[in-house]
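Novice: Just dropping this structure here.
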Amino acid sequence: MTLDALELAALSLRDGEKWASVPDGVLPAWVADMDFPISPVIRRALLRRIDTDLGYPAWYDESQGGPLGEAFAERMLGRFGFAADPAHVRLFTDVNQAMQVVLHFGTSQGDPVALHTPACPPFAETLVRLGRPPRAVPIRRRDDRWQLDLDRLADEIRGRSGPPCRALFLVNPHNPTGRVFLREELEELARLAVEHDLLVISDEVHAELTYEGHRHIPFASISDEAAARTVTITSGSKAFNLAGARCAVAHIGVREVREAVDEHRGLLFGQVSALGVDALRAAWTGGDPWLDTVKALLARNRLRVAERLPEGVGHRLPDATYLAWLDCRSLGLGDDPSAFFLEKAKVMLFRGSEFGPEGNGFARLNFATSPAVLDELLNRIRAAVPD
């Protein structure tokens, strides 16, 4: 099956969350899964693992980076110029688990954590459940661009609304706005992190989905001082559509956190599967031809969304990701415009209000599908708006 020839009849038979959770006749464009078939390289790696040995894996000791340390380091150096230390790599089931473990060992109960908003729903929820109060720092749209409010961030870190922050959770490229932060922005963040002795957790899971004219810069590559306080988290869940494989990588530059993770391995969190490890290793070492094809299709879809959204829906082309952040406030649809589109257009979008108060009146659209399916989505949205 080619990437641009997906058909609704086949997609509707899928039993993953994206397609199985919608009523009959509704097109899903909400959760961040791509509709494309898996890379042939990953498929061969999974079949090879199944045919070879599904017994206990031989890489229980991750003290030197485990089975993905070298692959991660080579990937970071080759694509982003980041000289990551393979011995600092540890494996987790997903980005959320890595975030939780790092917060558990790197901060204390009650420590505030700065978080740019709108924020992906699981992140703020995790902070609240762990007892690390989130300090929201809104990203504002100014001069037709989503901009970091560095002054507000500095105020929050210093304790504008309570005790000073002990950590910064950075999402770059940003979900849901699609911003790729510039070097000068990251340098200012690094300056604040060093000045206020912050732990920085940098979610860079969308890094490989940047578009022409934009360049991802790993936060830990900004300086040696930044690297020593940064945990970089990524996986193949977005660029290679491997969310179900349950394998993520954390490059833990903070020695104390890394040692605590090693000391508690097997006590507080489980291990990843051999299938997940082989899938991610295959993606990073041989999946680029597939990824290049996907990115070319996404680039066309990105423009298609911008050209065909109905009048009254605000939108800025994302620098990265396959997610469009739609400003529906001028349509008068209230805080949750996704409810309108679900009822009137039979299209399920992600509720913007779940990303925090800054998401009220917004909805997120996933355009990682075939042009034909995307056209049907956009046709339904356009037809519903005049009502």
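Identifiers in this document derive from the order of the structure tokens: chains are assigned A, B, ..., residues are numbered from 1 separately in each chain, and ligands are numbered from 1 in order of occurrence.
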If you count only C-alpha atoms, which residues fall within 7 Å of stretch 148-161 of chain A, apart from same-chain ones fewer than 4 positions away, as a PyMOL selection string?
Specialist: chain A and resi 114+135+137+139-140+165
Novice: How about saving the chosen residues, C-alpha atoms kept, as an mmCIF file, in the first residue's frame?
Specialist:
data_model
loop_
_atom_site.group_PDB
_atom_site.id
_atom_site.type_symbol
_atom_site.label_atom_id
_atom_site.label_comp_id
_atom_site.auth_asym_id
_atom_site.auth_seq_id
_atom_site.Cartn_x
_atom_site.Cartn_y
_atom_site.Cartn_z
ATOM 1 C CA ALA A 114 7.356 25.594 34.588
ATOM 2 C CA ARG A 135 3.347 26.897 36.455
ATOM 3 C CA VAL A 137 3.646 30.065 30.803
ATOM 4 C CA ILE A 139 2.803 30.846 24.277
ATOM 5 C CA ARG A 140 1.233 33.856 22.576
ATOM 6 C CA CYS A 165 10.314 26.576 40.176
#
Novice: Please identify all polymer residues within 7 Å of A:Trp325, counting only C-alpha atoms, omitting same-chain residues fewer than 5 positions from it, and present them as a VMD selection string.
Specialist: chain A and resid 176 to 177 315 362 to 365
Novice: Determine, for each residue of stretch 37-121 of chain A having at least one atom at most 9 Å from an atom of stretch 217-226 of chain A, the closest pair of atoms and their separation in Å to one decimal, counting only C-alpha atoms; order by chain and ascending number, as a tab-separated table.
Specialist:
residue	atom	partner	partner_atom	distance
A:Met76	CA	A:Pro218	CA	8.5
A:Phe80	CA	A:Ile217	CA	6.4
A:Gly81	CA	A:Ser221	CA	7.9
A:Phe82	CA	A:Ser221	CA	5.4
A:Ala83	CA	A:Ser221	CA	7.4
A:Ala84	CA	A:Ser221	CA	8.3
Novice: Would you output that residue set with C-alpha atoms, as a JSON list (two decimals), in the first residue's frame?
Specialist:
[["chain", "number", "residue", "atom", "x", "y", "z"],
["A", 76, "MET", "CA", 21.59, 12.79, 17.30],
["A", 80, "PHE", "CA", 21.22, 17.49, 14.78],
["A", 81, "GLY", "CA", 24.92, 17.84, 15.56],
["A", 82, "PHE", "CA", 24.32, 16.84, 19.19],
["A", 83, "ALA", "CA", 27.24, 14.86, 20.62],
["A", 84, "ALA", "CA", 25.18, 12.76, 23.01]]
Novice: Among stretch 115-327 of chain A, which residues carry a DSSP assignment of alpha helix (DSSP H), reported as a VMD selection string?
Specialist: chain A and resid 121 to 130 150 to 158 183 to 195 224 to 227 255 to 264 274 to 286 288 to 308
Novice: Please determine, counting only C-alpha atoms, which residue among A:Ala243, A:Ala193, A:Leu170, A:Ala136 has the shortest atom-to-atom distance to A:Arg229.
Specialist: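 With only C-alpha atoms as the atom set, the closest residue is A:Ala193.
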Novice: So that I can see what lies close to stretch 106-113 of chain A, please list as a PyMOL selection string the residues with an atom at most 8 Å from it, counting only C-alpha atoms and leaving out residues fewer than 3 positions away in the same chain.
Specialist: chain A and resi 102-103+127+130-135+163-169+199+256-257
Novice: I'd like the interatomic distance between atom CA of A:Ala282 and atom CA of A:Ala239, to a tenth of an Å.
Specialist: 12.9 Å
Novice: Any idea what's packed within 9 Å of A:His214, counting only C-alpha atoms, ignoring anything in its chain fewer than 6 positions away? Could you give it as a PDB file with N, CA and C atoms, in the first residue's frame?
Specialist:
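Okay, this is what ended up in out-v3.pdb:
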ATOM      1  N   VAL A 180       8.986  25.448  16.255  1.00  0.00           N
ATOM      2  CA  VAL A 180      10.351  24.985  16.469  1.00  0.00           C
ATOM      3  C   VAL A 180      11.122  26.175  17.023  1.00  0.00           C
ATOM      4  N   LEU A 182      13.922  28.779  18.222  1.00  0.00           N
ATOM      5  CA  LEU A 182      15.161  29.259  17.628  1.00  0.00           C
ATOM      6  C   LEU A 182      16.308  29.165  18.628  1.00  0.00           C
ATOM      7  N   ASP A 319       5.739  24.741  12.095  1.00  0.00           N
ATOM      8  CA  ASP A 319       7.133  24.549  11.703  1.00  0.00           C
ATOM      9  C   ASP A 319       7.492  23.070  11.669  1.00  0.00           C
ATOM     10  N   ALA A 320       6.765  22.285  12.448  1.00  0.00           N
ATOM     11  CA  ALA A 320       7.021  20.846  12.571  1.00  0.00           C
ATOM     12  C   ALA A 320       5.724  20.174  13.005  1.00  0.00           C
TER      13      ALA A 320
END
Novice: I'd like the interatomic distance between atom CA of A:Glu343 and atom CA of A:Ala299, to a tenth of an Å.
Specialist: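 Computing it gives 29.0 Å between the two atoms.
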Novice: My list of candidates is A:His196, A:Lys344, A:Arg129, A:Arg304. Which is closest to A:Ser370 when distances are computed with only C-alpha atoms?
Specialist: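 Of the candidates, the smallest distance to A:Ser370 is held by A:Arg304.
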Novice: Between A:Glu204, A:Glu358, A:Asp197, A:Glu187, which residue has the minimum interatomic distance to A:Val171, considering only C-alpha atoms?
Specialist: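 With only C-alpha atoms as the atom set, the closest residue is A:Glu204.
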Novice: Applying 8 Å and only C-alpha atoms, which residues near A:Ser338 remain after dropping the ones on its own chain fewer than 2 positions away? List them as a PyMOL selection string.
Specialist: chain A and resi 336+340-342+348-352+362-363
Novice: Neighbouring residues of A:Pro121 were defined as those with any atom within 10 Å, considering only C-alpha atoms; residues of the same chain fewer than 5 positions away were excluded. Please report them as number ranges by chain.
Specialist: A: 126, 352-356
Novice: The selected residues should be written to file as a tab-separated table (two decimals), in the first residue's frame (atoms: C-alpha atoms).
Specialist:
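Result went into result10.tsv, see below:
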chain	number	residue	atom	x	y	z
A	126	THR	CA	1.22	14.10	35.36
A	352	GLY	CA	-8.41	22.44	22.49
A	353	SER	CA	-9.73	23.00	26.01
A	354	GLU	CA	-7.89	19.84	27.14
A	355	PHE	CA	-4.61	21.70	26.48
A	356	GLY	CA	-5.46	24.21	29.22
Novice: Near A:Val254, counting only C-alpha atoms, which residues have an atom at most 7 Å away, once you skip same-chain residues fewer than 6 positions from it, shown as a ChimeraX atom specification?
Specialist: /A:228-231
Novice: For the residues in that selection, give me C-alpha atoms as a PDB file, in the first residue's frame.
Specialist:
ATOM      1  CA  ALA A 228      24.590  18.735  32.619  1.00  0.00           C
ATOM      2  CA  ARG A 229      21.063  19.614  33.824  1.00  0.00           C
ATOM      3  CA  THR A 230      19.000  18.275  30.904  1.00  0.00           C
ATOM      4  CA  VAL A 231      17.131  15.039  30.310  1.00  0.00           C
TER       5      VAL A 231
END
